[in-house]
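For reference, target_31.txt (compact mmCIF, C-alpha atoms and all ligand atoms):
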# COMPACT_ATOMS: atom_id res chain seq x y z
CA MET A 1 16.03 43.66 40.31
CA ALA A 2 17.14 46.93 38.76
CA ASN A 3 17.57 50.54 39.79
CA VAL A 4 15.36 52.54 37.45
CA GLY A 5 15.01 56.30 36.95
CA PHE A 6 11.68 57.48 35.54
CA ILE A 7 10.88 60.93 34.12
CA GLY A 8 7.34 61.96 33.06
CA LEU A 9 4.64 60.70 35.41
CA GLY A 10 1.50 61.71 33.49
CA ASN A 11 -1.51 59.63 32.50
CA MET A 12 0.82 56.92 31.18
CA GLY A 13 4.08 57.36 33.09
CA GLY A 14 2.41 57.43 36.53
CA PRO A 15 0.94 53.93 36.35
CA MET A 16 4.00 52.60 34.48
CA ALA A 17 6.34 53.73 37.27
CA ALA A 18 3.94 52.23 39.84
CA ASN A 19 4.06 48.89 38.00
CA LEU A 20 7.86 48.93 38.04
CA VAL A 21 7.69 49.21 41.83
CA LYS A 22 5.18 46.33 41.95
CA GLY A 23 7.62 44.33 39.82
CA GLY A 24 10.23 44.69 42.54
CA HIS A 25 12.37 47.41 40.93
CA LYS A 26 13.78 50.36 42.85
CA VAL A 27 12.37 53.43 41.13
CA GLN A 28 13.43 57.09 41.48
CA VAL A 29 11.21 59.58 39.70
CA PHE A 30 10.96 63.16 38.54
CA ASP A 31 8.16 65.24 36.99
CA LEU A 32 7.44 68.96 36.80
CA SER A 33 4.02 68.38 38.40
CA GLU A 34 3.83 68.19 42.20
CA ALA A 35 0.57 66.23 41.99
CA ALA A 36 2.21 63.60 39.77
CA LEU A 37 5.12 63.31 42.20
CA SER A 38 2.82 62.84 45.21
CA ALA A 39 0.91 60.07 43.43
CA ALA A 40 4.20 58.36 42.54
CA LYS A 41 5.37 58.60 46.14
CA GLU A 42 2.18 56.87 47.29
CA ALA A 43 2.90 54.12 44.78
CA GLY A 44 6.30 53.49 46.39
CA CYS A 45 8.65 55.49 44.15
CA SER A 46 11.40 57.71 45.60
CA ILE A 47 11.07 61.34 44.61
CA VAL A 48 14.14 63.25 43.42
CA SER A 49 14.43 66.93 42.67
CA SER A 50 15.60 67.00 39.04
CA ALA A 51 15.65 64.97 35.86
CA THR A 52 19.43 64.60 36.08
CA GLU A 53 19.16 63.27 39.64
CA ALA A 54 16.63 60.69 38.43
CA ALA A 55 19.18 59.52 35.85
CA THR A 56 22.07 59.16 38.31
CA HIS A 57 23.20 55.75 39.69
CA VAL A 58 20.58 53.79 37.74
CA ASP A 59 20.71 50.78 35.41
CA PHE A 60 17.90 52.19 33.28
CA ILE A 61 16.40 55.62 32.69
CA VAL A 62 12.85 55.59 31.29
CA THR A 63 11.30 58.77 29.83
CA MET A 64 7.57 59.17 29.10
CA LEU A 65 7.17 62.77 27.91
CA PRO A 66 4.59 64.55 25.75
CA ALA A 67 6.42 65.35 22.50
CA ASP A 68 9.68 65.85 20.55
CA LYS A 69 10.71 69.13 22.16
CA HIS A 70 10.40 67.73 25.70
CA VAL A 71 12.45 64.64 24.85
CA LYS A 72 15.13 66.66 23.05
CA SER A 73 15.47 69.09 25.92
CA VAL A 74 15.36 66.52 28.75
CA TYR A 75 18.15 64.51 27.10
CA LEU A 76 20.23 67.06 25.22
CA ALA A 77 19.90 70.49 26.89
CA ASP A 78 23.03 71.98 28.46
CA ASP A 79 21.85 70.60 31.80
CA GLY A 80 20.23 67.52 30.22
CA LEU A 81 20.58 63.81 30.98
CA ILE A 82 23.47 63.52 28.51
CA THR A 83 25.65 65.39 31.02
CA VAL A 84 25.17 62.81 33.78
CA LEU A 85 24.27 59.45 32.21
CA SER A 86 26.78 56.66 32.80
CA LYS A 87 27.80 54.28 30.00
CA ASP A 88 26.28 51.49 32.10
CA THR A 89 22.82 53.05 32.00
CA LEU A 90 20.43 52.12 29.19
CA ALA A 91 18.15 55.00 28.13
CA ILE A 92 14.63 53.94 27.13
CA ASP A 93 12.34 56.59 25.66
CA CYS A 94 8.69 55.47 25.69
CA SER A 95 7.24 58.81 24.49
CA THR A 96 5.62 58.99 21.04
CA ILE A 97 7.86 61.32 19.01
CA SER A 98 9.20 61.54 15.47
CA ALA A 99 11.59 58.83 14.33
CA GLU A 100 13.92 61.67 13.33
CA THR A 101 14.15 63.03 16.89
CA ALA A 102 14.55 59.52 18.32
CA ARG A 103 17.50 58.94 15.96
CA PHE A 104 18.97 62.37 16.74
CA VAL A 105 18.84 61.84 20.52
CA GLY A 106 20.04 58.23 20.17
CA ALA A 107 23.01 59.26 18.01
CA ALA A 108 24.03 62.05 20.44
CA LEU A 109 23.99 59.56 23.33
CA LYS A 110 25.80 56.92 21.28
CA GLU A 111 28.66 59.39 20.69
CA LYS A 112 29.14 59.39 24.46
CA GLY A 113 28.94 55.59 24.59
CA ILE A 114 25.41 55.52 26.07
CA ASP A 115 22.88 53.04 24.66
CA PHE A 116 19.40 54.29 23.74
CA ILE A 117 16.26 52.63 22.43
CA ASP A 118 12.97 54.14 21.31
CA ALA A 119 10.15 52.13 22.89
CA PRO A 120 6.79 53.86 22.32
CA VAL A 121 3.77 52.06 23.68
CA SER A 122 0.31 51.06 22.60
CA GLY A 123 -2.56 50.13 24.89
CA GLY A 124 -3.64 53.43 26.43
CA VAL A 125 -4.03 54.43 30.05
CA GLY A 126 -6.01 51.24 30.74
CA GLY A 127 -3.06 49.19 29.45
CA ALA A 128 -0.59 51.25 31.50
CA LYS A 129 -2.61 50.58 34.67
CA ALA A 130 -3.27 46.92 33.94
CA CYS A 131 0.33 46.28 32.90
CA THR A 132 -0.75 45.09 29.46
CA LEU A 133 1.05 47.66 27.28
CA THR A 134 2.68 46.73 24.00
CA PHE A 135 6.21 48.12 23.62
CA ILE A 136 7.38 48.75 20.06
CA CYS A 137 11.15 49.04 20.17
CA GLY A 138 13.74 50.44 17.81
CA GLY A 139 17.46 50.08 18.39
CA GLU A 140 20.26 47.52 18.57
CA ALA A 141 19.09 43.99 19.34
CA GLY A 142 21.40 43.76 22.39
CA ALA A 143 19.99 46.94 23.91
CA VAL A 144 16.39 45.80 23.30
CA ALA A 145 17.21 42.44 24.93
CA ARG A 146 18.72 44.27 27.91
CA ALA A 147 15.53 46.33 28.33
CA ARG A 148 13.25 43.29 28.26
CA ASP A 149 12.90 42.63 32.04
CA VAL A 150 12.12 46.25 32.79
CA LEU A 151 9.60 46.54 29.93
CA GLN A 152 8.01 43.26 30.98
CA ALA A 153 7.25 44.80 34.39
CA MET A 154 5.12 47.44 32.61
CA GLY A 155 3.54 45.51 29.77
CA LYS A 156 2.66 42.29 28.01
CA ASN A 157 4.07 42.40 24.47
CA ILE A 158 7.52 43.55 23.41
CA PHE A 159 8.27 43.92 19.70
CA HIS A 160 11.58 44.79 18.08
CA ALA A 161 10.55 46.77 14.97
CA GLY A 162 14.08 47.39 13.66
CA GLU A 163 16.84 49.96 13.97
CA MET A 164 16.69 53.13 16.05
CA GLY A 165 13.54 55.09 15.17
CA ALA A 166 11.72 52.02 13.80
CA GLY A 167 9.61 51.78 16.97
CA GLN A 168 8.34 55.30 16.35
CA VAL A 169 7.51 54.55 12.71
CA ALA A 170 5.49 51.46 13.67
CA LYS A 171 3.76 53.41 16.45
CA ILE A 172 2.54 56.24 14.19
CA CYS A 173 1.34 53.71 11.60
CA ASN A 174 -0.74 52.13 14.37
CA ASN A 175 -2.11 55.43 15.67
CA MET A 176 -3.00 56.65 12.20
CA LEU A 177 -5.02 53.44 11.71
CA LEU A 178 -6.58 53.82 15.19
CA SER A 179 -7.75 57.37 14.42
CA VAL A 180 -9.36 56.22 11.17
CA LEU A 181 -11.14 53.42 13.07
CA MET A 182 -12.28 55.83 15.80
CA VAL A 183 -13.75 58.33 13.34
CA GLY A 184 -15.40 55.57 11.29
CA THR A 185 -16.87 53.90 14.36
CA SER A 186 -18.17 57.26 15.63
CA GLU A 187 -19.84 58.00 12.29
CA ALA A 188 -21.47 54.56 12.16
CA LEU A 189 -22.79 54.86 15.72
CA GLN A 190 -24.14 58.39 15.13
CA LEU A 191 -25.86 57.22 11.93
CA GLY A 192 -27.52 54.36 13.79
CA ILE A 193 -28.56 56.59 16.71
CA ALA A 194 -30.02 59.13 14.26
CA HIS A 195 -32.24 56.30 12.99
CA GLY A 196 -33.42 55.37 16.46
CA LEU A 197 -31.06 52.45 17.16
CA ASP A 198 -29.79 51.72 20.67
CA PRO A 199 -25.99 52.35 20.52
CA LYS A 200 -25.36 49.39 22.86
CA VAL A 201 -27.20 46.99 20.57
CA LEU A 202 -25.64 48.50 17.43
CA SER A 203 -22.18 48.20 19.01
CA GLN A 204 -22.78 44.53 19.80
CA ILE A 205 -23.94 43.89 16.24
CA MET A 206 -20.94 45.62 14.64
CA ALA A 207 -18.46 44.07 17.11
CA ALA A 208 -19.69 40.62 16.03
CA SER A 209 -19.74 41.58 12.33
CA SER A 210 -17.24 42.67 9.70
CA GLY A 211 -16.99 46.20 11.14
CA SER A 212 -15.45 44.85 14.36
CA ASN A 213 -12.43 46.77 15.62
CA TRP A 214 -10.54 47.74 18.82
CA THR A 215 -12.68 50.83 19.48
CA LEU A 216 -15.85 48.71 19.52
CA ASP A 217 -14.20 45.97 21.57
CA VAL A 218 -12.67 48.02 24.38
CA TYR A 219 -13.00 51.79 23.83
CA ASN A 220 -16.51 52.63 22.67
CA PRO A 221 -16.81 56.39 21.95
CA CYS A 222 -20.54 56.61 22.78
CA PRO A 223 -21.23 57.52 26.44
CA GLY A 224 -22.95 54.79 28.45
CA VAL A 225 -22.19 51.86 26.13
CA MET A 226 -19.20 50.66 28.20
CA ASP A 227 -18.14 51.21 31.79
CA ASN A 228 -14.64 52.40 32.63
CA VAL A 229 -13.89 54.10 29.31
CA PRO A 230 -13.33 57.85 28.84
CA SER A 231 -16.63 58.33 26.93
CA SER A 232 -18.52 57.26 30.06
CA ASN A 233 -16.39 59.60 32.18
CA GLY A 234 -16.93 62.93 30.39
CA TYR A 235 -14.10 62.02 27.95
CA GLN A 236 -11.53 62.38 30.74
CA GLY A 237 -8.62 60.13 31.74
CA GLY A 238 -7.53 58.73 28.39
CA PHE A 239 -5.51 59.74 25.36
CA LEU A 240 -5.82 63.47 24.65
CA VAL A 241 -7.16 64.86 21.36
CA ASP A 242 -4.02 67.03 21.32
CA LEU A 243 -1.75 63.98 21.59
CA MET A 244 -3.62 62.14 18.82
CA SER A 245 -3.39 65.27 16.71
CA LYS A 246 0.36 65.38 17.38
CA ASP A 247 0.77 61.72 16.35
CA LEU A 248 -1.23 62.28 13.16
CA GLY A 249 1.02 65.25 12.37
CA LEU A 250 4.04 62.96 12.79
CA ALA A 251 2.42 60.43 10.46
CA GLN A 252 1.84 63.14 7.83
CA GLN A 253 5.46 64.34 8.13
CA ALA A 254 6.64 60.76 7.65
CA ALA A 255 4.29 60.31 4.67
CA LEU A 256 5.59 63.48 3.01
CA ALA A 257 9.19 62.45 3.60
CA SER A 258 8.67 59.03 2.03
CA GLY A 259 6.02 59.78 -0.60
CA ALA A 260 3.56 57.33 1.01
CA ALA A 261 -0.10 57.98 0.15
CA THR A 262 -2.15 58.53 3.33
CA PRO A 263 -5.40 60.29 2.35
CA MET A 264 -7.37 58.89 5.30
CA GLY A 265 -4.56 59.83 7.68
CA ALA A 266 -4.56 63.38 6.27
CA LEU A 267 -8.32 63.63 6.76
CA THR A 268 -8.25 62.40 10.37
CA HIS A 269 -5.31 64.73 11.09
CA ASN A 270 -7.44 67.66 9.92
CA LEU A 271 -10.46 66.47 11.92
CA TYR A 272 -8.45 66.10 15.15
CA ARG A 273 -6.68 69.44 14.64
CA SER A 274 -9.90 71.34 14.12
CA TRP A 275 -11.61 69.47 17.01
CA SER A 276 -8.75 70.68 19.20
CA GLN A 277 -9.10 74.24 17.87
CA LEU A 278 -12.78 74.12 18.81
CA GLY A 279 -11.66 73.69 22.44
CA HIS A 280 -11.58 69.89 22.84
CA GLY A 281 -7.81 69.34 22.94
CA ARG A 282 -7.77 68.18 26.57
CA GLU A 283 -10.55 65.60 26.06
CA ASP A 284 -9.98 61.95 25.24
CA PHE A 285 -9.64 61.30 21.49
CA SER A 286 -12.92 59.31 21.48
CA SER A 287 -14.73 62.66 21.93
CA ILE A 288 -14.48 62.99 18.12
CA PHE A 289 -17.82 61.11 18.41
CA ASN A 290 -19.39 64.50 19.22
CA TYR A 291 -17.82 66.15 16.15
CA VAL A 292 -19.78 63.83 13.86
CA LYS A 293 -23.10 64.31 15.63
CA PRO A 294 -25.89 64.87 13.11
CA ILE A 295 -26.92 68.49 12.70
CA SER A 296 -30.43 68.79 14.15
CA LYS A 297 -32.95 69.75 11.51
P1 LIG A 301 0.70 63.51 29.96
O1 LIG A 301 0.61 64.88 29.42
O2 LIG A 301 -0.40 62.98 30.82
O3 LIG A 301 2.08 63.35 30.81
C1 LIG A 301 3.30 63.91 30.46
C2 LIG A 301 4.06 64.18 31.76
O4 LIG A 301 5.36 64.68 31.43
C3 LIG A 301 3.39 65.26 32.63
O5 LIG A 301 3.19 64.76 33.95
C4 LIG A 301 4.38 66.42 32.60
O6 LIG A 301 4.40 67.18 33.79
C5 LIG A 301 5.69 65.68 32.38
N1 LIG A 301 6.74 66.53 31.83
C6 LIG A 301 6.72 67.35 30.76
N2 LIG A 301 7.90 67.94 30.58
C7 LIG A 301 8.71 67.49 31.57
C8 LIG A 301 10.06 67.73 31.93
N3 LIG A 301 10.83 68.58 31.25
N4 LIG A 301 10.57 67.10 33.00
C9 LIG A 301 9.80 66.23 33.72
N5 LIG A 301 8.50 65.95 33.43
C10 LIG A 301 7.97 66.58 32.36
O7 LIG A 301 0.93 62.57 28.71
P2 LIG A 301 0.66 60.98 28.60
O8 LIG A 301 -0.75 60.75 28.21
O9 LIG A 301 1.22 60.32 29.82
O10 LIG A 301 1.55 60.65 27.32
C11 LIG A 301 2.98 60.60 27.38
C12 LIG A 301 3.48 60.09 26.04
O11 LIG A 301 2.92 58.80 25.78
C13 LIG A 301 3.09 60.98 24.84
O12 LIG A 301 4.16 61.02 23.93
C14 LIG A 301 1.90 60.26 24.25
O13 LIG A 301 1.74 60.52 22.86
C15 LIG A 301 2.24 58.80 24.53
N6 LIG A 301 1.09 57.89 24.66
C16 LIG A 301 -0.01 58.24 25.38
C17 LIG A 301 -1.08 57.34 25.47
C18 LIG A 301 -2.33 57.67 26.25
O14 LIG A 301 -3.32 56.91 26.12
N7 LIG A 301 -2.33 58.73 27.07
C19 LIG A 301 -0.99 56.09 24.83
C20 LIG A 301 0.16 55.77 24.15
C21 LIG A 301 1.21 56.67 24.06
Show me the file's structure as structure tokens.
Ligand code: NAD
Amino acid sequence: MANVGFIGLGNMGGPMAANLVKGGHKVQVFDLSEAALSAAKEAGCSIVSSATEAATHVDFIVTMLPADKHVKSVYLADDGLITVLSKDTLAIDCSTISAETARFVGAALKEKGIDFIDAPVSGGVGGAKACTLTFICGGEAGAVARARDVLQAMGKNIFHAGEMGAGQVAKICNNMLLSVLMVGTSEALQLGIAHGLDPKVLSQIMAASSGSNWTLDVYNPCPGVMDNVPSSNGYQGGFLVDLMSKDLGLAQQAALASGAATPMGALTHNLYRSWSQLGHGREDFSSIFNYVKPISK
């Protein structure tokens, strides 16, 4: 079993670190939030007082941070992980960030002889808790193989998408598609409700028909249709509108850089950005259901 450092114990990182402990690994953790640290302590992690301390004397350092700027600064700031990481430690960044930043951080570490992989995840908070996440890795095959046991303790599927940054590209493709499915599903449900249909029955019909998709199967956006999903919990405890908006921004940047045509992605990016500006940024992304509510006549 390995010694693992873990930085970023939020909605995703908290349960992931707890699962590493359950998998028999020795886990030392750091977060800026005291509440997150206390929860990790209860789950059996050792608390340390800085990010650099978390990255010292470990076989693996895992980071699960909000966005590009956090990852860049945690790794590369003057007092960042790069100053303390040993060549024997493999750095695994599970945050969703731009492929560009992943490559930049990876290259800076590589110059010091430290291996790095990008390993963003899919599966949401439910997947993080249930240990069923999908890891989408980018980096050298040897480094991805080395990470396998640790990733396996936090998830179910491990894919190697390609070179450094490829994990991030695959991840934003997936999230762009997910946002399109979420908005489409929300519109269809609101249309049915506006015509007097029971959303539970309509969901069952569409889930068994050609409109079937992940949001209908496990993440219904209409309150009361499913238990244990954010929509039935005041849109709390899932994947924030602000984070989805960030991912859609990354997808648009990538589309511009490559010339790919992503009109649906551009539309959902605008919808999520304006939903956030209307004050819903801290809600789960399924709350977009309320943005497409029919206007009462
Ligand atoms: P979160 O905001 O709940 O957690 C982020 C954590 O990072 C917080 O606890 C915060 O205190 C900590 N943090 C920030 N800066 C730090 C620093 N400098 N040092 C130490 N800790 C720091 O976010 P989350 O929902 O856990 O998401 C994390 C990443 O995973 C994001 O990139 C997100 O896009 C991605 N993701 C989230 C989901 C989801 O369903 N929530 C699903 C897949 C991927």
Residues of chain A that have any atom at most 7 Å from an atom of ligand LIG 301 (chain A): could you tabulate them with the shortest-distance atom pair and the distance in Å to one decimal, using all atoms listed in the file, ordered by chain and increasing number, as a tab-separated table?
residue	atom	partner	partner_atom	distance
A:Ile7	CA	A:LIG301	C9	5.4
A:Gly8	CA	A:LIG301	O4	3.7
A:Leu9	CA	A:LIG301	O5	4.6
A:Gly10	CA	A:LIG301	O3	3.2
A:Asn11	CA	A:LIG301	O9	3.9
A:Met12	CA	A:LIG301	O9	3.7
A:Gly13	CA	A:LIG301	O9	5.3
A:Phe30	CA	A:LIG301	C9	5.8
A:Asp31	CA	A:LIG301	N5	3.6
A:Leu32	CA	A:LIG301	O6	4.6
A:Ser33	CA	A:LIG301	O6	4.8
A:Ala36	CA	A:LIG301	O5	6.0
A:Ala51	CA	A:LIG301	N4	6.2
A:Met64	CA	A:LIG301	C11	5.1
A:Leu65	CA	A:LIG301	O4	4.4
A:Pro66	CA	A:LIG301	C13	4.0
A:Ala67	CA	A:LIG301	O12	5.1
A:His70	CA	A:LIG301	N2	5.5
A:Val74	CA	A:LIG301	N3	5.6
A:Cys94	CA	A:LIG301	O11	6.7
A:Ser95	CA	A:LIG301	O12	3.8
A:Thr96	CA	A:LIG301	O12	3.8
A:Ile97	CA	A:LIG301	O12	6.2
A:Pro120	CA	A:LIG301	C21	6.5
A:Val121	CA	A:LIG301	C20	5.2
A:Ser122	CA	A:LIG301	C20	5.0
A:Gly123	CA	A:LIG301	C19	6.2
A:Gly124	CA	A:LIG301	O14	3.5
A:Val125	CA	A:LIG301	O14	4.7
A:Gly238	CA	A:LIG301	O14	5.1
A:Phe239	CA	A:LIG301	O14	3.7
A:Leu240	CA	A:LIG301	N7	6.4
A:Leu243	CA	A:LIG301	O13	5.1
A:Met244	CA	A:LIG301	O13	6.9
A:Asp247	CA	A:LIG301	O13	6.7
message = Is it possible to get the residues within 6 Å of (15.5, 57.3, 28.9) (coordinates as in the file, counting only C-alpha atoms) written as a ChimeraX atom specification?
response = /A:61-63,91-93
request  = Dig up all the protein and nucleic acid residues within 9 Å of (25.4, 62.3, 24.0) in the file frame, using all atoms listed in the file, and format them as JSON, numbers by chain.
outcome  = {"A": [75, 76, 81, 82, 83, 85, 105, 106, 107, 108, 109, 110, 111, 112, 113, 114]}
note = Using all atoms listed in the file, the residue out of A:Leu278, A:Val183, A:Leu256, A:Val84 with shortest distance to Val292 (chain A) is A:Val183
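Across the model, the gap from CA of Ala2 (chain A) to CA of His57 (chain A) is 10.7 Å.
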inquiry  = Nearest residue to Ala18 (chain A) out of A:Cys45, A:Ala35, A:Leu248, A:Cys222, using all atoms listed in the file?
reply    = A:Cys45
